[in-house]
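A quick write-up on the structure given underneath.
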Amino acid sequence: MNEGGEASGTSTTVSEAQRLWRIFQAIGDIAFAYTYSTVLIEIQVFAQPIFSFVETSCRQRWPEVKFVTTDHQITIPFLGGTSFHVNWFRLTWRSAYVAVTTVLAMLLPFFNVILSLIGAASFWPLTVYLPVEMYIARAKFPKFSVSSMCLQALSFICLLVSLVAAAGSVEGLIQSLKTYHPFKNEA
(Lines give C-alpha, C1' and ligand atoms only; values in the text may rest on other atoms or scores of the structure.)
Protein backbone atom coordinates (compact mmCIF):
# COMPACT_ATOMS: atom_id res chain seq x y z
CA MET A 1 0.00 0.00 0.00
CA ASN A 2 1.20 3.47 -0.78
CA GLU A 3 0.29 6.73 0.98
CA GLY A 4 -2.84 7.28 -1.12
CA GLY A 5 -4.42 3.99 -0.01
CA GLU A 6 -3.65 2.28 -3.30
CA ALA A 7 -2.15 -1.15 -3.75
CA SER A 8 0.80 -1.03 -6.09
CA GLY A 9 1.81 -3.91 -8.34
CA THR A 10 4.69 -4.46 -10.67
CA SER A 11 3.37 -2.33 -13.53
CA THR A 12 0.06 -0.79 -12.44
CA THR A 13 -1.46 0.87 -9.45
CA VAL A 14 -4.89 -0.35 -8.38
CA SER A 15 -7.11 1.60 -6.00
CA GLU A 16 -8.97 -0.06 -3.15
CA ALA A 17 -12.26 0.49 -4.99
CA GLN A 18 -10.88 -1.21 -8.10
CA ARG A 19 -9.66 -4.12 -5.98
CA LEU A 20 -13.13 -4.51 -4.46
CA TRP A 21 -14.81 -4.43 -7.89
CA ARG A 22 -12.33 -7.00 -9.17
CA ILE A 23 -13.09 -9.25 -6.20
CA PHE A 24 -16.79 -8.99 -7.05
CA GLN A 25 -15.94 -9.77 -10.66
CA ALA A 26 -13.92 -12.81 -9.55
CA ILE A 27 -16.98 -14.06 -7.68
CA GLY A 28 -18.84 -13.86 -10.99
CA ASP A 29 -16.04 -15.84 -12.63
CA ILE A 30 -16.38 -18.54 -9.99
CA ALA A 31 -20.16 -18.59 -10.41
CA PHE A 32 -19.69 -18.97 -14.17
CA ALA A 33 -17.22 -21.80 -13.70
CA TYR A 34 -19.67 -23.54 -11.39
CA THR A 35 -22.51 -23.36 -13.90
CA TYR A 36 -20.28 -23.81 -16.98
CA SER A 37 -21.51 -27.31 -17.76
CA THR A 38 -25.10 -26.07 -17.97
CA VAL A 39 -24.14 -23.10 -20.14
CA LEU A 40 -22.02 -25.32 -22.40
CA ILE A 41 -25.04 -27.53 -23.06
CA GLU A 42 -27.14 -24.43 -23.78
CA ILE A 43 -24.55 -23.17 -26.26
CA GLN A 44 -24.54 -26.53 -28.06
CA VAL A 45 -28.34 -26.55 -28.18
CA PHE A 46 -28.31 -22.97 -29.49
CA ALA A 47 -25.86 -23.88 -32.28
CA GLN A 48 -27.77 -26.97 -33.49
CA PRO A 49 -30.39 -25.02 -35.50
CA ILE A 50 -27.59 -23.03 -37.13
CA PHE A 51 -25.73 -26.23 -38.03
CA SER A 52 -28.92 -27.83 -39.33
CA PHE A 53 -29.88 -24.81 -41.45
CA VAL A 54 -26.46 -24.55 -43.11
CA GLU A 55 -26.13 -28.31 -43.69
CA THR A 56 -29.65 -28.66 -45.13
CA SER A 57 -29.23 -25.61 -47.33
CA CYS A 58 -25.92 -26.89 -48.70
CA ARG A 59 -27.36 -30.37 -49.38
CA GLN A 60 -30.26 -28.80 -51.28
CA ARG A 61 -28.07 -26.38 -53.21
CA TRP A 62 -25.35 -28.90 -54.13
CA PRO A 63 -27.00 -32.36 -54.13
CA GLU A 64 -24.41 -33.76 -56.56
CA VAL A 65 -21.35 -32.77 -54.50
CA LYS A 66 -20.25 -35.88 -52.61
CA PHE A 67 -18.22 -33.82 -50.10
CA VAL A 68 -21.51 -32.32 -48.90
CA THR A 69 -23.90 -35.26 -49.23
CA THR A 70 -21.93 -38.45 -48.57
CA ASP A 71 -21.41 -40.06 -45.18
CA HIS A 72 -18.25 -42.15 -44.92
CA GLN A 73 -18.05 -45.18 -42.68
CA ILE A 74 -14.92 -45.34 -40.56
CA THR A 75 -14.21 -48.56 -38.67
CA ILE A 76 -12.15 -48.46 -35.51
CA PRO A 77 -10.14 -51.71 -35.49
CA PHE A 78 -9.44 -52.08 -31.76
CA LEU A 79 -13.00 -51.37 -30.64
CA GLY A 80 -14.49 -54.61 -31.84
CA GLY A 81 -15.19 -53.34 -35.33
CA THR A 82 -17.20 -50.36 -34.14
CA SER A 83 -17.85 -47.98 -37.01
CA PHE A 84 -18.77 -44.33 -37.20
CA HIS A 85 -20.34 -42.34 -40.02
CA VAL A 86 -18.54 -39.12 -40.86
CA ASN A 87 -19.65 -36.43 -43.28
CA TRP A 88 -16.56 -34.42 -44.24
CA PHE A 89 -18.58 -31.25 -44.93
CA ARG A 90 -20.31 -31.44 -41.55
CA LEU A 91 -16.98 -32.02 -39.79
CA THR A 92 -15.29 -29.15 -41.65
CA TRP A 93 -18.19 -26.69 -41.29
CA ARG A 94 -18.75 -27.31 -37.58
CA SER A 95 -15.03 -27.15 -36.82
CA ALA A 96 -14.74 -23.87 -38.73
CA TYR A 97 -17.76 -22.45 -36.85
CA VAL A 98 -16.20 -23.31 -33.48
CA ALA A 99 -12.81 -21.91 -34.55
CA VAL A 100 -14.29 -18.62 -35.81
CA THR A 101 -16.44 -18.07 -32.72
CA THR A 102 -13.45 -18.87 -30.49
CA VAL A 103 -11.23 -16.38 -32.34
CA LEU A 104 -13.94 -13.70 -32.14
CA ALA A 105 -14.27 -14.32 -28.40
CA MET A 106 -10.51 -14.04 -27.98
CA LEU A 107 -10.45 -10.72 -29.86
CA LEU A 108 -12.68 -9.15 -27.23
CA PRO A 109 -10.30 -7.99 -24.50
CA PHE A 110 -13.07 -8.00 -21.91
CA PHE A 111 -14.56 -11.39 -22.72
CA ASN A 112 -13.84 -12.55 -19.15
CA VAL A 113 -16.05 -9.74 -17.82
CA ILE A 114 -18.90 -10.90 -20.06
CA LEU A 115 -18.46 -14.46 -18.79
CA SER A 116 -18.56 -13.31 -15.18
CA LEU A 117 -21.77 -11.36 -15.92
CA ILE A 118 -23.32 -14.50 -17.45
CA GLY A 119 -22.19 -16.45 -14.40
CA ALA A 120 -23.66 -13.91 -12.02
CA ALA A 121 -26.95 -13.88 -13.92
CA SER A 122 -27.29 -17.65 -14.16
CA PHE A 123 -25.81 -18.86 -10.87
CA TRP A 124 -28.60 -18.06 -8.43
CA PRO A 125 -31.72 -18.85 -10.47
CA LEU A 126 -30.44 -22.00 -12.19
CA THR A 127 -28.06 -23.47 -9.65
CA VAL A 128 -29.60 -22.45 -6.33
CA TYR A 129 -33.14 -21.06 -6.39
CA LEU A 130 -34.89 -23.59 -8.65
CA PRO A 131 -33.24 -26.69 -7.14
CA VAL A 132 -33.91 -25.46 -3.58
CA GLU A 133 -37.55 -24.65 -4.32
CA MET A 134 -38.08 -27.99 -6.06
CA TYR A 135 -36.48 -29.85 -3.14
CA ILE A 136 -38.63 -28.02 -0.59
CA ALA A 137 -41.76 -28.79 -2.62
CA ARG A 138 -40.85 -32.42 -3.15
CA ALA A 139 -39.83 -33.00 0.47
CA LYS A 140 -43.06 -31.24 1.55
CA PHE A 141 -41.35 -29.27 4.32
CA PRO A 142 -43.75 -27.14 6.37
CA LYS A 143 -43.45 -23.48 5.41
CA PHE A 144 -41.53 -22.27 8.48
CA SER A 145 -39.71 -25.47 9.44
CA VAL A 146 -36.00 -25.35 10.33
CA SER A 147 -35.03 -27.22 7.15
CA SER A 148 -37.10 -24.94 4.94
CA MET A 149 -35.79 -21.79 6.60
CA CYS A 150 -32.15 -22.96 6.35
CA LEU A 151 -32.56 -23.72 2.65
CA GLN A 152 -34.23 -20.35 2.09
CA ALA A 153 -31.37 -18.63 3.95
CA LEU A 154 -28.84 -20.45 1.74
CA SER A 155 -30.77 -19.34 -1.32
CA PHE A 156 -30.83 -15.72 -0.09
CA ILE A 157 -27.08 -15.70 0.60
CA CYS A 158 -26.43 -17.05 -2.89
CA LEU A 159 -28.73 -14.35 -4.32
CA LEU A 160 -26.59 -11.72 -2.58
CA VAL A 161 -23.44 -13.34 -4.00
CA SER A 162 -24.97 -13.21 -7.49
CA LEU A 163 -25.97 -9.56 -7.11
CA VAL A 164 -22.50 -8.58 -5.88
CA ALA A 165 -20.91 -10.52 -8.75
CA ALA A 166 -23.23 -8.86 -11.26
CA ALA A 167 -22.37 -5.41 -9.90
CA GLY A 168 -18.65 -6.16 -10.19
CA SER A 169 -19.09 -7.51 -13.70
CA VAL A 170 -21.09 -4.50 -14.89
CA GLU A 171 -18.49 -2.14 -13.41
CA GLY A 172 -15.71 -4.14 -15.08
CA LEU A 173 -17.57 -4.01 -18.39
CA ILE A 174 -17.98 -0.23 -18.09
CA GLN A 175 -14.28 0.20 -17.33
CA SER A 176 -13.30 -2.07 -20.23
CA LEU A 177 -15.53 -0.21 -22.68
CA LYS A 178 -13.89 3.10 -21.77
CA THR A 179 -10.56 1.93 -23.19
CA TYR A 180 -11.75 -0.58 -25.79
CA HIS A 181 -10.55 -0.26 -29.38
CA PRO A 182 -12.03 -2.96 -31.63
CA PHE A 183 -9.54 -5.50 -33.00
CA LYS A 184 -6.58 -3.63 -31.56
CA ASN A 185 -4.13 -5.70 -29.57
CA GLU A 186 -2.50 -3.89 -26.70
CA ALA A 187 1.14 -4.87 -26.29
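A note on labels: chains of the C-alpha coordinates are A, B, ... as shown, every chain counts residues from 1, and ligands are counted from 1 in their shown order.
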
Going by DSSP on the backbone, which bits of region 48-155 of chain A are strand (DSSP E)? Write them as a list in words, please.
Asp71, His72, Gln73, Ile74, Thr75, Ser83, Phe84, His85, Val86 and Asn87 of chain A

Write out as number ranges by chain all residues of region 12-186 of chain A that backbone DSSP assigns to alpha helix (DSSP H).
A: 16-34, 36-61, 66-69, 88-107, 111-122, 130-139, 146-179

Got a sec: who's within 12 Å of Gln25 (chain A), counting only C-alpha atoms, leaving out chain neighbours fewer than 6 positions off, as number ranges by chain?
A: 18-19, 31-32, 110, 112-120, 161-173

Would you mind exporting the chosen residues as a tab-separated table (two decimals), in the first residue's frame, restricted to N, CA and C atoms?
chain	number	residue	atom	x	y	z
A	18	GLN	N	-11.08	-0.30	-6.97
A	18	GLN	CA	-10.88	-1.21	-8.10
A	18	GLN	C	-10.64	-2.64	-7.62
A	19	ARG	N	-9.90	-2.78	-6.54
A	19	ARG	CA	-9.66	-4.12	-5.98
A	19	ARG	C	-10.98	-4.76	-5.56
A	31	ALA	N	-18.78	-18.17	-10.16
A	31	ALA	CA	-20.16	-18.59	-10.41
A	31	ALA	C	-20.30	-19.13	-11.83
A	32	PHE	N	-19.62	-18.48	-12.80
A	32	PHE	CA	-19.69	-18.97	-14.17
A	32	PHE	C	-19.03	-20.34	-14.28
A	110	PHE	N	-12.32	-7.91	-23.15
A	110	PHE	CA	-13.07	-8.00	-21.91
A	110	PHE	C	-14.04	-9.18	-21.91
A	112	ASN	N	-13.73	-11.99	-20.50
A	112	ASN	CA	-13.84	-12.55	-19.15
A	112	ASN	C	-14.91	-11.83	-18.34
A	113	VAL	N	-15.03	-10.52	-18.54
A	113	VAL	CA	-16.05	-9.74	-17.82
A	113	VAL	C	-17.45	-10.18	-18.26
A	114	ILE	N	-17.61	-10.44	-19.55
A	114	ILE	CA	-18.90	-10.90	-20.06
A	114	ILE	C	-19.23	-12.27	-19.46
A	115	LEU	N	-18.23	-13.14	-19.39
A	115	LEU	CA	-18.46	-14.46	-18.79
A	115	LEU	C	-18.84	-14.35	-17.32
A	116	SER	N	-18.20	-13.44	-16.60
A	116	SER	CA	-18.56	-13.31	-15.18
A	116	SER	C	-19.97	-12.73	-15.03
A	117	LEU	N	-20.39	-11.87	-15.96
A	117	LEU	CA	-21.77	-11.36	-15.92
A	117	LEU	C	-22.77	-12.48	-16.20
A	118	ILE	N	-22.46	-13.34	-17.17
A	118	ILE	CA	-23.32	-14.50	-17.45
A	118	ILE	C	-23.38	-15.41	-16.23
A	119	GLY	N	-22.22	-15.62	-15.61
A	119	GLY	CA	-22.19	-16.45	-14.40
A	119	GLY	C	-23.01	-15.88	-13.28
A	120	ALA	N	-22.89	-14.57	-13.08
A	120	ALA	CA	-23.66	-13.91	-12.02
A	120	ALA	C	-25.15	-14.00	-12.29
A	161	VAL	N	-24.70	-13.09	-3.29
A	161	VAL	CA	-23.44	-13.34	-4.00
A	161	VAL	C	-23.61	-13.04	-5.49
A	162	SER	N	-24.71	-13.47	-6.08
A	162	SER	CA	-24.97	-13.21	-7.49
A	162	SER	C	-25.11	-11.72	-7.77
A	163	LEU	N	-25.80	-10.99	-6.91
A	163	LEU	CA	-25.97	-9.56	-7.11
A	163	LEU	C	-24.64	-8.81	-7.00
A	164	VAL	N	-23.82	-9.20	-6.02
A	164	VAL	CA	-22.50	-8.58	-5.88
A	164	VAL	C	-21.63	-8.89	-7.10
A	165	ALA	N	-21.68	-10.14	-7.56
A	165	ALA	CA	-20.91	-10.52	-8.75
A	165	ALA	C	-21.39	-9.78	-9.99
A	166	ALA	N	-22.69	-9.60	-10.12
A	166	ALA	CA	-23.23	-8.86	-11.26
A	166	ALA	C	-22.79	-7.40	-11.22
A	167	ALA	N	-22.82	-6.80	-10.04
A	167	ALA	CA	-22.37	-5.41	-9.90
A	167	ALA	C	-20.90	-5.28	-10.29
A	168	GLY	N	-20.07	-6.19	-9.83
A	168	GLY	CA	-18.65	-6.16	-10.19
A	168	GLY	C	-18.45	-6.37	-11.67
A	169	SER	N	-19.22	-7.24	-12.27
A	169	SER	CA	-19.09	-7.51	-13.70
A	169	SER	C	-19.52	-6.31	-14.54
A	170	VAL	N	-20.63	-5.68	-14.16
A	170	VAL	CA	-21.09	-4.50	-14.89
A	170	VAL	C	-20.06	-3.37	-14.77
A	171	GLU	N	-19.51	-3.17	-13.58
A	171	GLU	CA	-18.49	-2.14	-13.41
A	171	GLU	C	-17.25	-2.47	-14.23
A	172	GLY	N	-16.85	-3.73	-14.27
A	172	GLY	CA	-15.71	-4.14	-15.08
A	172	GLY	C	-15.97	-3.94	-16.57
A	173	LEU	N	-17.20	-4.21	-17.00
A	173	LEU	CA	-17.57	-4.01	-18.39
A	173	LEU	C	-17.52	-2.52	-18.75

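For Val132 (chain A), the set of protein, DNA and RNA residues having any atom at most 9 Å away, when counting only C-alpha atoms and skipping those fewer than 3 positions along the same chain, is A:Thr127, A:Val128, A:Tyr129, A:Tyr135, A:Ile136, A:Ala137, A:Leu151, A:Gln152, A:Leu154, A:Ser155.
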
Excluding region 55-72 of chain A and any residue of its chain fewer than 2 positions from it, enumerate the residues within 12 Å of it, using only C-alpha atoms, and give them as a PDB file with N, CA and C atoms, in the first residue's frame.
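Contents of out-v9.pdb, freshly written:
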ATOM      1  N   GLN A  48     -27.220 -25.896 -32.661  1.00  0.00           N
ATOM      2  CA  GLN A  48     -27.770 -26.972 -33.489  1.00  0.00           C
ATOM      3  C   GLN A  48     -28.672 -26.466 -34.618  1.00  0.00           C
ATOM      4  N   PRO A  49     -29.584 -25.514 -34.377  1.00  0.00           N
ATOM      5  CA  PRO A  49     -30.387 -25.019 -35.500  1.00  0.00           C
ATOM      6  C   PRO A  49     -29.538 -24.335 -36.578  1.00  0.00           C
ATOM      7  N   ILE A  50     -28.483 -23.661 -36.161  1.00  0.00           N
ATOM      8  CA  ILE A  50     -27.588 -23.032 -37.131  1.00  0.00           C
ATOM      9  C   ILE A  50     -26.906 -24.104 -37.972  1.00  0.00           C
ATOM     10  N   PHE A  51     -26.374 -25.127 -37.302  1.00  0.00           N
ATOM     11  CA  PHE A  51     -25.734 -26.229 -38.025  1.00  0.00           C
ATOM     12  C   PHE A  51     -26.719 -26.876 -38.995  1.00  0.00           C
ATOM     13  N   SER A  52     -27.912 -27.170 -38.517  1.00  0.00           N
ATOM     14  CA  SER A  52     -28.924 -27.835 -39.334  1.00  0.00           C
ATOM     15  C   SER A  52     -29.307 -26.993 -40.551  1.00  0.00           C
ATOM     16  N   PHE A  53     -29.502 -25.700 -40.350  1.00  0.00           N
ATOM     17  CA  PHE A  53     -29.876 -24.814 -41.452  1.00  0.00           C
ATOM     18  C   PHE A  53     -28.795 -24.801 -42.533  1.00  0.00           C
ATOM     19  N   ILE A  74     -16.279 -45.142 -41.060  1.00  0.00           N
ATOM     20  CA  ILE A  74     -14.918 -45.336 -40.558  1.00  0.00           C
ATOM     21  C   ILE A  74     -14.991 -46.389 -39.462  1.00  0.00           C
ATOM     22  N   THR A  75     -14.228 -47.462 -39.642  1.00  0.00           N
ATOM     23  CA  THR A  75     -14.212 -48.557 -38.673  1.00  0.00           C
ATOM     24  C   THR A  75     -12.999 -48.410 -37.766  1.00  0.00           C
ATOM     25  N   SER A  83     -18.013 -48.923 -35.904  1.00  0.00           N
ATOM     26  CA  SER A  83     -17.848 -47.976 -37.006  1.00  0.00           C
ATOM     27  C   SER A  83     -18.642 -46.706 -36.738  1.00  0.00           C
ATOM     28  N   PHE A  84     -18.137 -45.634 -37.311  1.00  0.00           N
ATOM     29  CA  PHE A  84     -18.766 -44.326 -37.201  1.00  0.00           C
ATOM     30  C   PHE A  84     -19.015 -43.793 -38.604  1.00  0.00           C
ATOM     31  N   HIS A  85     -20.050 -42.983 -38.736  1.00  0.00           N
ATOM     32  CA  HIS A  85     -20.339 -42.345 -40.017  1.00  0.00           C
ATOM     33  C   HIS A  85     -19.919 -40.887 -39.930  1.00  0.00           C
ATOM     34  N   VAL A  86     -19.072 -40.477 -40.860  1.00  0.00           N
ATOM     35  CA  VAL A  86     -18.538 -39.121 -40.862  1.00  0.00           C
ATOM     36  C   VAL A  86     -18.878 -38.454 -42.186  1.00  0.00           C
ATOM     37  N   ASN A  87     -19.419 -37.256 -42.088  1.00  0.00           N
ATOM     38  CA  ASN A  87     -19.650 -36.433 -43.276  1.00  0.00           C
ATOM     39  C   ASN A  87     -18.572 -35.353 -43.237  1.00  0.00           C
ATOM     40  N   TRP A  88     -17.718 -35.321 -44.247  1.00  0.00           N
ATOM     41  CA  TRP A  88     -16.563 -34.418 -44.240  1.00  0.00           C
ATOM     42  C   TRP A  88     -17.005 -32.954 -44.240  1.00  0.00           C
ATOM     43  N   PHE A  89     -18.088 -32.640 -44.942  1.00  0.00           N
ATOM     44  CA  PHE A  89     -18.577 -31.253 -44.932  1.00  0.00           C
ATOM     45  C   PHE A  89     -19.033 -30.861 -43.530  1.00  0.00           C
ATOM     46  N   ARG A  90     -19.818 -31.725 -42.899  1.00  0.00           N
ATOM     47  CA  ARG A  90     -20.311 -31.445 -41.550  1.00  0.00           C
ATOM     48  C   ARG A  90     -19.145 -31.252 -40.577  1.00  0.00           C
ATOM     49  N   LEU A  91     -18.155 -32.123 -40.662  1.00  0.00           N
ATOM     50  CA  LEU A  91     -16.984 -32.024 -39.792  1.00  0.00           C
ATOM     51  C   LEU A  91     -16.228 -30.713 -40.040  1.00  0.00           C
ATOM     52  N   THR A  92     -16.023 -30.363 -41.296  1.00  0.00           N
ATOM     53  CA  THR A  92     -15.292 -29.145 -41.649  1.00  0.00           C
ATOM     54  C   THR A  92     -16.067 -27.898 -41.242  1.00  0.00           C
ATOM     55  N   TRP A  93     -17.359 -27.851 -41.579  1.00  0.00           N
ATOM     56  CA  TRP A  93     -18.194 -26.689 -41.285  1.00  0.00           C
ATOM     57  C   TRP A  93     -18.311 -26.444 -39.789  1.00  0.00           C
ATOM     58  N   ARG A  94     -18.591 -27.487 -39.023  1.00  0.00           N
ATOM     59  CA  ARG A  94     -18.751 -27.308 -37.581  1.00  0.00           C
ATOM     60  C   ARG A  94     -17.436 -26.926 -36.915  1.00  0.00           C
TER      61      ARG A  94
END

Atomic distance CA of Ala96 (chain A) - CA of Val45 (chain A), expressed in Å with one decimal
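About the pair CA of Ala96 (chain A) and CA of Val45 (chain A): they are 17.4 Å apart.
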